[in-house]
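The data block below is final.cif; it holds mmCIF, C-alpha atoms (C1' of nucleotides).
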data_protein
#
loop_
_atom_site.group_PDB
_atom_site.id
_atom_site.type_symbol
_atom_site.label_atom_id
_atom_site.label_comp_id
_atom_site.auth_asym_id
_atom_site.auth_seq_id
_atom_site.Cartn_x
_atom_site.Cartn_y
_atom_site.Cartn_z
ATOM 1 C CA MET A 243 -28.203 -12.236 -16.885
ATOM 2 C CA LYS A 244 -30.686 -10.145 -15.052
ATOM 3 C CA ILE A 245 -31.285 -6.732 -13.645
ATOM 4 C CA SER A 246 -32.265 -7.561 -10.055
ATOM 5 C CA THR A 247 -35.328 -6.267 -8.290
ATOM 6 C CA LYS A 248 -32.957 -3.939 -6.513
ATOM 7 C CA GLY A 249 -32.194 -2.196 -9.776
ATOM 8 C CA ARG A 250 -35.788 -2.209 -10.876
ATOM 9 C CA TYR A 251 -37.116 -0.899 -7.576
ATOM 10 C CA ALA A 252 -34.415 1.746 -7.580
ATOM 11 C CA LEU A 253 -35.759 3.038 -10.859
ATOM 12 C CA THR A 254 -39.286 2.909 -9.434
ATOM 13 C CA ILE A 255 -38.210 5.081 -6.524
ATOM 14 C CA MET A 256 -36.467 7.506 -8.824
ATOM 15 C CA LEU A 257 -39.527 7.762 -11.046
ATOM 16 C CA HIS A 258 -41.659 8.744 -8.062
ATOM 17 C CA LEU A 259 -39.175 11.390 -7.006
ATOM 18 C CA GLY A 260 -38.853 12.536 -10.587
ATOM 19 C CA ARG A 261 -42.583 13.083 -10.884
ATOM 20 C CA ALA A 262 -42.542 15.169 -7.724
ATOM 21 C CA TYR A 263 -39.570 17.241 -8.812
ATOM 22 C CA ASP A 264 -41.487 20.333 -9.961
ATOM 23 C CA SER A 265 -43.480 20.542 -6.725
ATOM 24 C CA HIS A 266 -40.297 20.645 -4.625
ATOM 25 C CA GLN A 267 -42.049 18.431 -2.105
ATOM 26 C CA TYR A 268 -40.392 15.651 -0.161
ATOM 27 C CA ILE A 269 -41.635 12.142 -0.866
ATOM 28 C CA SER A 270 -41.354 9.575 1.898
ATOM 29 C CA LEU A 271 -40.499 5.951 1.344
ATOM 30 C CA SER A 272 -43.670 4.902 3.144
ATOM 31 C CA GLU A 273 -45.658 6.687 0.484
ATOM 32 C CA ILE A 274 -43.820 4.857 -2.297
ATOM 33 C CA SER A 275 -44.068 1.632 -0.325
ATOM 34 C CA GLU A 276 -47.849 1.894 -0.185
ATOM 35 C CA ARG A 277 -48.299 2.905 -3.774
ATOM 36 C CA GLU A 278 -45.997 0.261 -5.193
ATOM 37 C CA LYS A 279 -46.690 -2.480 -2.648
ATOM 38 C CA ILE A 280 -42.996 -2.886 -1.930
ATOM 39 C CA SER A 281 -41.957 -3.354 1.704
ATOM 40 C CA LEU A 282 -40.753 -0.183 3.373
ATOM 41 C CA LYS A 283 -37.758 -1.970 4.849
ATOM 42 C CA TYR A 284 -36.603 -3.146 1.469
ATOM 43 C CA LEU A 285 -36.959 0.314 0.001
ATOM 44 C CA GLU A 286 -34.866 1.684 2.863
ATOM 45 C CA LYS A 287 -32.179 -0.797 2.030
ATOM 46 C CA ILE A 288 -32.161 0.108 -1.639
ATOM 47 C CA MET A 289 -32.029 3.741 -0.640
ATOM 48 C CA ILE A 290 -28.734 3.139 1.159
ATOM 49 C CA SER A 291 -27.185 2.306 -2.208
ATOM 50 C CA LEU A 292 -28.871 5.141 -4.040
ATOM 51 C CA LYS A 293 -27.816 7.733 -1.498
ATOM 52 C CA LYS A 294 -24.187 7.126 -2.309
ATOM 53 C CA ALA A 295 -24.838 8.698 -5.679
ATOM 54 C CA ASP A 296 -25.887 11.913 -3.947
ATOM 55 C CA PHE A 297 -29.159 12.225 -5.813
ATOM 56 C CA PHE A 298 -31.198 13.601 -2.920
ATOM 57 C CA ASP A 299 -32.027 16.284 -0.472
ATOM 58 C CA VAL A 300 -33.206 14.525 2.657
ATOM 59 C CA GLN A 301 -35.681 15.688 5.232
ATOM 60 C CA LYS A 302 -36.483 13.722 8.341
ATOM 61 C CA GLY A 303 -39.707 13.907 10.366
ATOM 62 C CA LYS A 304 -43.221 14.878 9.426
ATOM 63 C CA ASP A 305 -43.775 15.491 5.731
ATOM 64 C CA GLY A 306 -40.171 14.614 5.219
ATOM 65 C CA GLY A 307 -38.621 12.239 2.758
ATOM 66 C CA TYR A 308 -36.459 12.573 -0.288
ATOM 67 C CA ARG A 309 -36.285 15.091 -3.106
ATOM 68 C CA LEU A 310 -34.121 15.129 -6.196
ATOM 69 C CA LYS A 311 -31.267 17.606 -6.188
ATOM 70 C CA LYS A 312 -31.117 17.730 -9.956
ATOM 71 C CA LYS A 313 -33.675 17.864 -12.711
ATOM 72 C CA PRO A 314 -34.795 14.406 -13.873
ATOM 73 C CA GLU A 315 -33.425 15.279 -17.293
ATOM 74 C CA GLU A 316 -29.963 15.613 -15.783
ATOM 75 C CA ILE A 317 -29.974 12.168 -14.172
ATOM 76 C CA THR A 318 -28.967 9.330 -16.440
ATOM 77 C CA ILE A 319 -30.503 5.908 -16.085
ATOM 78 C CA GLY A 320 -26.980 4.532 -16.065
ATOM 79 C CA SER A 321 -26.124 6.472 -12.925
ATOM 80 C CA ILE A 322 -29.206 5.064 -11.206
ATOM 81 C CA ILE A 323 -28.630 1.448 -12.132
ATOM 82 C CA ARG A 324 -24.944 1.749 -11.385
ATOM 83 C CA ALA A 325 -25.690 3.066 -7.909
ATOM 84 C CA ALA A 326 -28.313 0.418 -7.219
ATOM 85 C CA GLU A 327 -26.590 -2.621 -8.625
ATOM 86 C CA GLU A 328 -23.222 -1.475 -7.311
ATOM 87 C CA GLU A 329 -21.779 -3.042 -10.399
ATOM 88 C CA LEU A 330 -22.820 -2.689 -14.007
ATOM 89 C CA ASP A 331 -20.402 -4.971 -15.759
ATOM 90 C CA ILE A 332 -21.750 -7.873 -17.694
ATOM 91 C CA VAL A 333 -18.663 -9.981 -17.018
ATOM 92 C CA ASP A 334 -15.820 -9.543 -14.544
ATOM 93 C CA CYS A 335 -13.269 -9.606 -17.361
ATOM 94 C CA VAL A 336 -14.111 -6.073 -18.464
ATOM 95 C CA LYS A 337 -13.568 -4.561 -15.030
ATOM 96 C CA LYS A 338 -10.375 -2.725 -14.336
ATOM 97 C CA ASP A 339 -7.780 -5.397 -13.531
ATOM 98 C CA GLY A 340 -10.587 -7.898 -14.017
ATOM 99 C CA CYS A 341 -8.476 -10.181 -16.163
ATOM 100 C CA PRO A 342 -4.730 -10.597 -16.481
ATOM 101 C CA ASN A 343 -5.191 -12.234 -19.848
ATOM 102 C CA LYS A 344 -7.151 -9.574 -21.720
ATOM 103 C CA GLU A 345 -4.646 -9.171 -24.480
ATOM 104 C CA ARG A 346 -4.598 -12.794 -25.493
ATOM 105 C CA CYS A 347 -8.231 -13.669 -24.832
ATOM 106 C CA ASP A 348 -10.355 -14.266 -27.918
ATOM 107 C CA ALA A 349 -13.553 -13.706 -26.003
ATOM 108 C CA TYR A 350 -12.582 -10.408 -24.412
ATOM 109 C CA PRO A 351 -13.548 -8.172 -27.358
ATOM 110 C CA LEU A 352 -17.031 -9.631 -27.305
ATOM 111 C CA TRP A 353 -17.665 -9.016 -23.612
ATOM 112 C CA LYS A 354 -16.077 -5.612 -23.782
ATOM 113 C CA GLY A 355 -18.216 -4.726 -26.778
ATOM 114 C CA LEU A 356 -21.387 -5.885 -25.090
ATOM 115 C CA SER A 357 -20.526 -4.091 -21.899
ATOM 116 C CA ASP A 358 -19.855 -0.870 -23.748
ATOM 117 C CA GLU A 359 -23.103 -1.226 -25.645
ATOM 118 C CA ILE A 360 -25.125 -1.577 -22.452
ATOM 119 C CA ASN A 361 -23.395 1.285 -20.706
ATOM 120 C CA LEU A 362 -23.774 3.543 -23.693
ATOM 121 C CA TYR A 363 -27.458 2.775 -23.912
ATOM 122 C CA LEU A 364 -28.140 3.394 -20.234
ATOM 123 C CA GLU A 365 -26.030 6.527 -20.260
ATOM 124 C CA SER A 366 -27.958 7.861 -23.259
ATOM 125 C CA LYS A 367 -31.271 7.738 -21.392
ATOM 126 C CA ASN A 368 -32.326 10.040 -18.606
ATOM 127 C CA LEU A 369 -34.956 9.852 -15.924
ATOM 128 C CA GLY A 370 -37.024 12.606 -17.502
ATOM 129 C CA GLU A 371 -37.753 10.452 -20.513
ATOM 130 C CA TYR A 372 -39.712 7.940 -18.459
ATOM 131 C CA LEU A 373 -41.906 10.120 -16.290
ATOM 132 C CA MET B 234 -26.268 -8.087 -13.943
ATOM 133 C CA LYS B 235 -23.796 -10.658 -15.074
ATOM 134 C CA ILE B 236 -23.153 -13.212 -17.730
ATOM 135 C CA SER B 237 -22.485 -16.322 -15.637
ATOM 136 C CA THR B 238 -19.430 -18.530 -15.999
ATOM 137 C CA LYS B 239 -21.778 -20.928 -17.706
ATOM 138 C CA GLY B 240 -22.261 -18.482 -20.550
ATOM 139 C CA ARG B 241 -18.601 -17.582 -20.663
ATOM 140 C CA TYR B 242 -17.396 -21.164 -20.636
ATOM 141 C CA ALA B 243 -19.952 -22.015 -23.304
ATOM 142 C CA LEU B 244 -18.346 -19.455 -25.560
ATOM 143 C CA THR B 245 -14.925 -20.855 -24.699
ATOM 144 C CA ILE B 246 -16.056 -24.309 -25.766
ATOM 145 C CA MET B 247 -17.526 -22.962 -28.977
ATOM 146 C CA LEU B 248 -14.323 -21.074 -29.763
ATOM 147 C CA HIS B 249 -12.317 -24.284 -29.490
ATOM 148 C CA LEU B 250 -14.725 -26.127 -31.759
ATOM 149 C CA GLY B 251 -14.786 -23.181 -34.124
ATOM 150 C CA ARG B 252 -11.009 -23.220 -34.476
ATOM 151 C CA ALA B 253 -11.123 -26.909 -35.306
ATOM 152 C CA TYR B 254 -13.900 -26.529 -37.842
ATOM 153 C CA ASP B 255 -11.777 -26.620 -40.998
ATOM 154 C CA SER B 256 -9.952 -29.769 -39.916
ATOM 155 C CA HIS B 257 -13.238 -31.670 -39.501
ATOM 156 C CA GLN B 258 -11.752 -33.309 -36.423
ATOM 157 C CA TYR B 259 -13.656 -34.064 -33.259
ATOM 158 C CA ILE B 260 -12.568 -32.188 -30.150
ATOM 159 C CA SER B 261 -13.146 -33.836 -26.781
ATOM 160 C CA LEU B 262 -14.152 -32.021 -23.653
ATOM 161 C CA SER B 263 -11.159 -33.455 -21.815
ATOM 162 C CA GLU B 264 -8.914 -31.648 -24.290
ATOM 163 C CA ILE B 265 -10.703 -28.342 -23.672
ATOM 164 C CA SER B 266 -10.733 -29.061 -19.964
ATOM 165 C CA GLU B 267 -6.959 -29.414 -19.891
ATOM 166 C CA ARG B 268 -6.247 -26.433 -22.068
ATOM 167 C CA GLU B 269 -8.600 -24.096 -20.251
ATOM 168 C CA LYS B 270 -8.217 -25.526 -16.755
ATOM 169 C CA ILE B 271 -11.954 -25.924 -16.373
ATOM 170 C CA SER B 272 -13.212 -29.106 -14.725
ATOM 171 C CA LEU B 273 -14.339 -31.751 -17.194
ATOM 172 C CA LYS B 274 -17.483 -32.385 -15.198
ATOM 173 C CA TYR B 275 -18.532 -28.779 -15.380
ATOM 174 C CA LEU B 276 -17.917 -28.659 -19.107
ATOM 175 C CA GLU B 277 -20.073 -31.738 -19.516
ATOM 176 C CA LYS B 278 -22.849 -30.009 -17.691
ATOM 177 C CA ILE B 279 -22.612 -26.894 -19.817
ATOM 178 C CA MET B 280 -22.614 -29.109 -22.867
ATOM 179 C CA ILE B 281 -26.032 -30.451 -21.919
ATOM 180 C CA SER B 282 -27.434 -26.965 -22.429
ATOM 181 C CA LEU B 283 -25.503 -26.312 -25.604
ATOM 182 C CA LYS B 284 -26.554 -29.558 -27.204
ATOM 183 C CA LYS B 285 -30.168 -28.452 -27.162
ATOM 184 C CA ALA B 286 -29.244 -25.894 -29.784
ATOM 185 C CA ASP B 287 -28.118 -28.692 -32.105
ATOM 186 C CA PHE B 288 -24.733 -27.140 -32.817
ATOM 187 C CA PHE B 289 -22.778 -30.407 -32.950
ATOM 188 C CA ASP B 290 -21.959 -33.694 -34.545
ATOM 189 C CA VAL B 291 -21.057 -36.026 -31.710
ATOM 190 C CA GLN B 292 -18.688 -38.935 -31.709
ATOM 191 C CA LYS B 293 -18.199 -41.150 -28.688
ATOM 192 C CA GLY B 294 -15.134 -43.260 -27.915
ATOM 193 C CA LYS B 295 -11.501 -42.892 -28.880
ATOM 194 C CA ASP B 296 -10.671 -39.694 -30.732
ATOM 195 C CA GLY B 297 -14.283 -38.727 -30.367
ATOM 196 C CA GLY B 298 -15.789 -35.516 -29.135
ATOM 197 C CA TYR B 299 -17.751 -32.712 -30.683
ATOM 198 C CA ARG B 300 -17.633 -30.985 -34.050
ATOM 199 C CA LEU B 301 -19.613 -28.018 -35.328
ATOM 200 C CA LYS B 302 -22.329 -28.804 -37.828
ATOM 201 C CA LYS B 303 -22.242 -25.319 -39.285
ATOM 202 C CA LYS B 304 -19.521 -22.891 -40.197
ATOM 203 C CA PRO B 305 -18.536 -20.616 -37.296
ATOM 204 C CA GLU B 306 -19.671 -17.691 -39.410
ATOM 205 C CA GLU B 307 -23.188 -19.085 -39.431
ATOM 206 C CA ILE B 308 -23.449 -19.371 -35.644
ATOM 207 C CA THR B 309 -24.470 -16.203 -33.861
ATOM 208 C CA ILE B 310 -23.133 -15.377 -30.434
ATOM 209 C CA GLY B 311 -26.707 -14.779 -29.385
ATOM 210 C CA SER B 312 -27.651 -18.362 -30.159
ATOM 211 C CA ILE B 313 -24.751 -19.588 -28.027
ATOM 212 C CA ILE B 314 -25.459 -17.419 -25.012
ATOM 213 C CA ARG B 315 -29.157 -18.067 -25.282
ATOM 214 C CA ALA B 316 -28.560 -21.827 -25.247
ATOM 215 C CA ALA B 317 -26.132 -21.643 -22.333
ATOM 216 C CA GLU B 318 -27.920 -19.163 -20.128
ATOM 217 C CA GLU B 319 -31.298 -20.657 -20.975
ATOM 218 C CA GLU B 320 -32.623 -17.153 -20.670
ATOM 219 C CA LEU B 321 -31.365 -13.952 -22.173
ATOM 220 C CA ASP B 322 -33.779 -11.401 -20.836
ATOM 221 C CA ILE B 323 -32.450 -8.615 -18.716
ATOM 222 C CA VAL B 324 -35.670 -8.342 -16.719
ATOM 223 C CA ASP B 325 -38.641 -10.664 -16.456
ATOM 224 C CA CYS B 326 -40.986 -7.885 -17.541
ATOM 225 C CA VAL B 327 -39.915 -8.126 -21.169
ATOM 226 C CA LYS B 328 -40.617 -11.842 -21.459
ATOM 227 C CA LYS B 329 -43.773 -12.962 -23.163
ATOM 228 C CA ASP B 330 -46.524 -12.632 -20.550
ATOM 229 C CA GLY B 331 -43.821 -11.448 -18.175
ATOM 230 C CA CYS B 332 -45.855 -8.542 -16.922
ATOM 231 C CA PRO B 333 -49.597 -7.890 -16.871
ATOM 232 C CA ASN B 334 -48.956 -4.204 -16.467
ATOM 233 C CA LYS B 335 -46.762 -3.485 -19.485
ATOM 234 C CA GLU B 336 -49.060 -0.911 -20.992
ATOM 235 C CA ARG B 337 -49.179 1.314 -17.940
ATOM 236 C CA CYS B 338 -45.643 0.799 -16.670
ATOM 237 C CA ASP B 339 -43.336 3.797 -17.042
ATOM 238 C CA ALA B 340 -40.256 1.633 -16.699
ATOM 239 C CA TYR B 341 -41.218 -0.951 -19.283
ATOM 240 C CA PRO B 342 -39.949 0.943 -22.355
ATOM 241 C CA LEU B 343 -36.550 1.244 -20.740
ATOM 242 C CA TRP B 344 -36.142 -2.452 -19.976
ATOM 243 C CA LYS B 345 -37.574 -3.423 -23.323
ATOM 244 C CA GLY B 346 -35.184 -1.063 -25.055
ATOM 245 C CA LEU B 347 -32.189 -2.381 -23.176
ATOM 246 C CA SER B 348 -33.178 -5.961 -23.769
ATOM 247 C CA ASP B 349 -33.596 -5.338 -27.491
ATOM 248 C CA GLU B 350 -30.245 -3.605 -27.613
ATOM 249 C CA ILE B 351 -28.449 -6.549 -26.033
ATOM 250 C CA ASN B 352 -30.161 -9.127 -28.196
ATOM 251 C CA LEU B 353 -29.491 -7.142 -31.333
ATOM 252 C CA TYR B 354 -25.834 -6.846 -30.453
ATOM 253 C CA LEU B 355 -25.356 -10.517 -29.691
ATOM 254 C CA GLU B 356 -27.317 -11.520 -32.751
ATOM 255 C CA SER B 357 -25.140 -9.287 -34.927
ATOM 256 C CA LYS B 358 -21.950 -11.098 -33.960
ATOM 257 C CA ASN B 359 -20.938 -14.564 -35.066
ATOM 258 C CA LEU B 360 -18.486 -17.096 -33.764
ATOM 259 C CA GLY B 361 -16.180 -16.680 -36.745
ATOM 260 C CA GLU B 362 -15.391 -13.122 -35.735
ATOM 261 C CA TYR B 363 -13.692 -14.230 -32.538
ATOM 262 C CA LEU B 364 -11.511 -17.099 -33.655
ATOM 263 C "C1'" DT C 249 -11.590 -56.656 -24.398
ATOM 264 C "C1'" DG C 250 -9.953 -52.099 -22.970
ATOM 265 C "C1'" DA C 251 -9.584 -47.305 -23.296
ATOM 266 C "C1'" DA C 252 -11.675 -43.108 -24.332
ATOM 267 C "C1'" DT C 253 -15.327 -40.711 -24.728
ATOM 268 C "C1'" DT C 254 -20.219 -38.924 -24.166
ATOM 269 C "C1'" DC C 255 -24.638 -39.450 -21.458
ATOM 270 C "C1'" DC C 256 -27.355 -39.486 -17.361
ATOM 271 C "C1'" DT C 257 -28.659 -38.731 -12.583
ATOM 272 C "C1'" DA C 258 -27.917 -37.016 -8.303
ATOM 273 C "C1'" DC C 259 -25.833 -34.361 -4.851
ATOM 274 C "C1'" DT C 260 -23.545 -30.218 -2.636
ATOM 275 C "C1'" DA C 261 -21.129 -25.898 -1.440
ATOM 276 C "C1'" DA C 262 -20.825 -21.005 -2.098
ATOM 277 C "C1'" DT C 263 -22.775 -16.827 -3.428
ATOM 278 C "C1'" DT C 264 -26.311 -13.662 -4.436
ATOM 279 C "C1'" DT C 265 -30.880 -12.045 -4.017
ATOM 280 C "C1'" DG C 266 -34.588 -10.598 -1.646
ATOM 281 C "C1'" DG C 267 -35.955 -9.708 2.003
ATOM 282 C "C1'" DT C 268 -37.135 -8.893 7.727
ATOM 283 C "C1'" DA C 269 -36.435 -6.943 12.533
ATOM 284 C "C1'" DG C 270 -35.287 -3.829 15.934
ATOM 285 C "C1'" DT C 271 -33.655 0.320 17.388
ATOM 286 C "C1'" DA C 272 -31.406 4.906 17.251
ATOM 287 C "C1'" DA C 273 -31.420 9.571 15.713
ATOM 288 C "C1'" DA C 274 -33.369 13.652 13.818
ATOM 289 C "C1'" DA C 275 -37.102 16.906 12.679
ATOM 290 C "C1'" DT C 276 -41.453 18.864 13.397
ATOM 291 C "C1'" DA C 277 -45.684 20.208 15.439
ATOM 292 C "C1'" DA C 278 -48.731 20.377 19.331
ATOM 293 C "C1'" DT D 261 -41.505 18.679 26.496
ATOM 294 C "C1'" DT D 262 -43.693 15.018 24.241
ATOM 295 C "C1'" DA D 263 -45.647 12.380 20.466
ATOM 296 C "C1'" DT D 264 -45.250 11.427 15.766
ATOM 297 C "C1'" DT D 265 -43.065 10.810 11.603
ATOM 298 C "C1'" DT D 266 -39.522 10.134 9.177
ATOM 299 C "C1'" DT D 267 -34.609 8.561 7.907
ATOM 300 C "C1'" DA D 268 -30.231 5.954 9.548
ATOM 301 C "C1'" DC D 269 -27.936 2.091 11.159
ATOM 302 C "C1'" DT D 270 -26.954 -2.719 12.301
ATOM 303 C "C1'" DA D 271 -27.839 -7.305 12.194
ATOM 304 C "C1'" DC D 272 -29.884 -11.273 10.713
ATOM 305 C "C1'" DC D 273 -32.209 -14.808 7.634
ATOM 306 C "C1'" DA D 274 -34.547 -17.643 3.913
ATOM 307 C "C1'" DA D 275 -34.860 -18.767 -0.856
ATOM 308 C "C1'" DA D 276 -32.917 -19.036 -5.186
ATOM 309 C "C1'" DT D 277 -29.200 -19.327 -8.232
ATOM 310 C "C1'" DT D 278 -24.613 -20.394 -9.510
ATOM 311 C "C1'" DA D 279 -20.873 -23.149 -9.703
ATOM 312 C "C1'" DG D 280 -19.481 -26.917 -9.222
ATOM 313 C "C1'" DT D 281 -18.592 -32.473 -7.849
ATOM 314 C "C1'" DA D 282 -19.384 -37.644 -8.003
ATOM 315 C "C1'" DG D 283 -20.330 -41.976 -9.828
ATOM 316 C "C1'" DG D 284 -21.470 -44.821 -13.070
ATOM 317 C "C1'" DA D 285 -23.875 -46.356 -17.600
ATOM 318 C "C1'" DA D 286 -23.707 -46.479 -22.568
ATOM 319 C "C1'" DT D 287 -21.255 -46.145 -26.832
ATOM 320 C "C1'" DT D 288 -17.503 -46.409 -30.013
ATOM 321 C "C1'" DC D 289 -13.285 -47.685 -31.892
ATOM 322 C "C1'" DA D 290 -8.980 -50.196 -32.162
#
Reformat the file's structure so that it appears as structure tokens.
Amino acid sequence: MKISTKGRYALTIMLHLGRAYDSHQYISLSEISEREKISLKYLEKIMISLKKADFFDVQKGKDGGYRLKKKPEEITIGSIIRAAEEELDIVDCVKKDGCPNKERCDAYPLWKGLSDEINLYLESKNLGEYL
Amino acid sequence: MKISTKGRYALTIMLHLGRAYDSHQYISLSEISEREKISLKYLEKIMISLKKADFFDVQKGKDGGYRLKKKPEEITIGSIIRAAEEELDIVDCVKKDGCPNKERCDAYPLWKGLSDEINLYLESKNLGEYL
DNA sequence: TGAATTCCTACTAATTTGGTAGTAAAATAA
DNA sequence: TTATTTTACTACCAAATTAGTAGGAATTCA
């Protein structure tokens, strides 16, 4: 049971963009790559997932990069991890239609409870708290 | 971020043994295997991990199997998952000596908080609650 | 002695994770 | 227009982890 590097790096990226939010400047992935010693190519890949969540204004070319559309305080950690990990369910059973046997399964309430706990926690935190 | 089948099946095993607790009878893995349609060999493997936690009395041979040493109410879900998954830390950073940079890392409090939340939850639940 | 069971060791297939590589497309500035 | 910087897209690949499988040895009980 692990958050993958994908999820962790996604948060790292978001923290960088969060810190730059007030300046309205674009931050390029190469800048983050250098500062965090994470390969540019891998960051690009993670960005593909993050972009689906529509967090960014994007600017190509010189001095381009990414910029948050919303204030860091308005972006929940849950939305970031969910976008990066694609899936934020601790067991398949709790997914919609994840288990045909929910009603009779003794274990289901446990996994559902844990899943809810995690989601609630991550939803209760926002990016602004960690800058 | 997933609980593996190993962790889930471990709980399944423990639920069976928990239900049999009052009868003091031994339950064999082949019985659980049949009832749950999980391969006997895989259950045996999971059992290797679980046994490290010293949950069971063991009886080989006819009518043998496993039996809980303690009341289901005295066995936390956390102790089960921890034994099965070997590791119950959501990110490596929160492990002892998991990160040399803890103090300066903006993300650390988040992962630590989440990890604590999960552990607290699983430690607060016991096997008896799910029988 | 025979059947049922755990115990032990080793192997393997499938999936996920953690990347890398190359190139196209867009934006900007000279 | 051209060079540079950036994102966007597509494809591939290696390592690690997960999810098993296989075969037999040891133990226990009837």
Between chain D and stretch 253-267 of chain C, at 10 Å or less, what are the per-residue closest atom pairs and their distances in Å? Count all atoms listed in the file, order by chain and rising residue number, and return it as CSV.
residue,atom,partner,partner_atom,distance
D:DC273,C1',C:DG267,C1',8.5
D:DA274,C1',C:DG267,C1',8.3
D:DA275,C1',C:DG266,C1',8.2
D:DA276,C1',C:DT265,C1',7.4
D:DT277,C1',C:DT264,C1',7.4
D:DT278,C1',C:DT263,C1',7.3
D:DA279,C1',C:DA262,C1',7.9
D:DG280,C1',C:DA261,C1',8.0
D:DT281,C1',C:DT260,C1',7.5
D:DA282,C1',C:DC259,C1',7.9
D:DG283,C1',C:DA258,C1',9.2
D:DG284,C1',C:DC256,C1',9.0
D:DA285,C1',C:DC256,C1',7.7
D:DA286,C1',C:DC255,C1',7.2
D:DT287,C1',C:DT254,C1',7.8
D:DT288,C1',C:DT253,C1',8.1
Restricting to all atoms listed in the file, whichever of A:Glu345, A:Glu328, A:Glu286, A:Glu273 is closest to chain B is A:Glu328
task = Given the file shown, determine the residues that the PyMOL selection byres ((chain D) within 12 of (chain A)) selects; report them as an MDAnalysis selection string.
result = chainID D and resid 263:270 277:278
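Put simply, the PyMOL selection byres ((chain A) within 6 of (chain B)) in this file takes in Met243, Lys244, Ile245, Ile332, Val333, Asp348 and Tyr372 of chain A.
Straight-line separation from atom CA of A:Tyr268 to atom C1' of C:DT271: 24.3 Å.
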Taken to one decimal, the atom CA of A:Phe297-atom CA of A:Leu310 distance is 5.8 Å
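If you apply the PyMOL selection byres ((chain C) within 7 of (chain A)) to this structure, you end up with DG267, DA274, DA275 and DT276 of chain C.
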The distance between atom CA of B:Lys304 and atom CA of B:Ile246 is 14.9 Å
